[in-house]
$ cat final_3.txt   # compact mmCIF, C-alpha atoms
# COMPACT_ATOMS: atom_id res chain seq x y z
CA MET P 1 97.04 70.22 134.21
CA ASN P 2 94.78 71.34 137.05
CA PHE P 3 95.14 74.93 135.84
CA PHE P 4 93.98 73.88 132.36
CA ARG P 5 90.99 72.03 133.82
CA THR P 6 90.08 75.08 135.89
CA ILE P 7 90.23 77.32 132.82
CA VAL P 8 88.08 74.90 130.80
CA LEU P 9 85.51 74.55 133.57
CA LEU P 10 85.31 78.31 134.12
CA SER P 11 84.90 78.98 130.40
CA MET P 12 82.20 76.30 130.15
CA LEU P 13 80.41 77.80 133.15
CA GLY P 14 80.63 81.30 131.66
CA PHE P 15 79.33 80.03 128.32
CA SER P 16 76.39 78.28 129.93
CA ILE P 17 75.48 81.34 131.96
CA ALA P 18 75.70 83.53 128.86
CA MET P 19 73.54 81.13 126.85
CA THR P 20 70.81 80.83 129.48
CA GLY P 21 70.60 84.50 130.37
CA CYS P 22 68.52 85.21 133.44
CA GLY P 23 66.29 82.21 132.82
CA GLY P 24 63.23 84.27 133.67
CA GLY P 25 59.77 83.55 132.38
CA GLY P 26 60.11 79.79 132.64
CA ALA P 27 62.87 79.60 130.05
CA GLU P 28 63.96 76.06 129.30
CA ILE P 29 67.56 75.36 130.26
CA LYS P 30 69.33 72.71 128.19
CA ALA P 31 72.67 71.06 128.81
CA THR P 32 75.41 72.03 126.39
CA HIS P 33 77.40 69.43 124.49
CA THR P 34 80.77 70.08 122.95
CA THR P 35 82.14 68.29 119.93
CA MET P 36 85.61 66.87 119.48
CA GLY P 37 86.40 69.71 117.09
CA GLU P 38 85.35 72.35 119.61
CA GLU P 39 87.45 70.76 122.34
CA LEU P 40 90.49 70.51 120.05
CA HIS P 41 90.00 74.12 118.98
CA ASP P 42 89.78 75.27 122.61
CA ILE P 43 93.01 73.57 123.66
CA LYS P 44 94.83 74.83 120.55
CA LYS P 45 93.70 78.34 121.38
CA ALA P 46 94.89 77.94 124.99
CA PHE P 47 98.26 76.68 123.71
CA ASP P 48 98.61 79.53 121.19
CA GLN P 49 97.85 82.07 123.93
CA GLY P 50 100.47 80.53 126.21
CA ILE P 51 97.91 79.40 128.78
CA ILE P 52 99.09 75.79 128.59
CA THR P 53 102.47 74.28 127.75
CA GLU P 54 103.20 72.16 124.69
CA ARG P 55 103.31 69.10 126.93
CA GLU P 56 99.87 69.90 128.40
CA TYR P 57 98.52 70.59 124.90
CA ASN P 58 99.76 67.25 123.55
CA LYS P 59 98.37 65.35 126.55
CA ALA P 60 94.99 67.09 126.32
CA LYS P 61 94.83 66.47 122.57
CA LYS P 62 95.65 62.78 123.08
CA ASP P 63 92.97 62.52 125.80
CA ILE P 64 90.34 64.18 123.59
CA LEU P 65 91.10 61.93 120.63
CA LYS P 66 90.96 58.88 122.92
CA LYS P 67 87.64 60.05 124.40
CA TYR P 68 85.95 60.23 120.99
CA ASN P 69 87.38 56.98 119.55
$ encode --input "final_3.txt" --output "structure tokens"
Amino acid sequence: MNFFRTIVLLSMLGFSIAMTGCGGGGAEIKATHTTMGEELHDIKKAFDQGIITEREYNKAKKDILKKYN
């Protein structure tokens, strides 16, 4: 599960860097917020690509659903 968390954190970091660009010129930097659908989509994609096991996928899905309910 630590591997999955590392992948998620790295992808979130990469996304935030891509969205903020260089930040020059006093650009405003806003925090990103993911939705339940986005999180479920991300773990399904990781499962389909073989990055996580079925057991990790089911646990992550359960945790996400619990987080939003």
$ atom_distance --input "final_3.txt" --atom1 "CA of Gly37 in chain P" --atom2 "CA of Arg5 in chain P"
17.5 Å
$ closest_residue --input "final_3.txt" --among "P:Ala60, P:Glu54, P:Phe3, P:Leu65" --to "Asp42 in chain P" --atoms "all atoms listed in the file"
P:Ala60
$ atom_distance --input "final_3.txt" --atom1 "CA of Asn69 in chain P" --atom2 "CA of Ala46 in chain P"
22.9 Å
$ atom_distance --input "final_3.txt" --atom1 "CA of Ile43 in chain P" --atom2 "CA of Tyr57 in chain P"
6.4 Å
$ closest_residue --input "final_3.txt" --among "P:Leu40, P:Phe47, P:Thr34, P:Val8" --to "Lys66 in chain P" --atoms "all atoms listed in the file"
P:Leu40
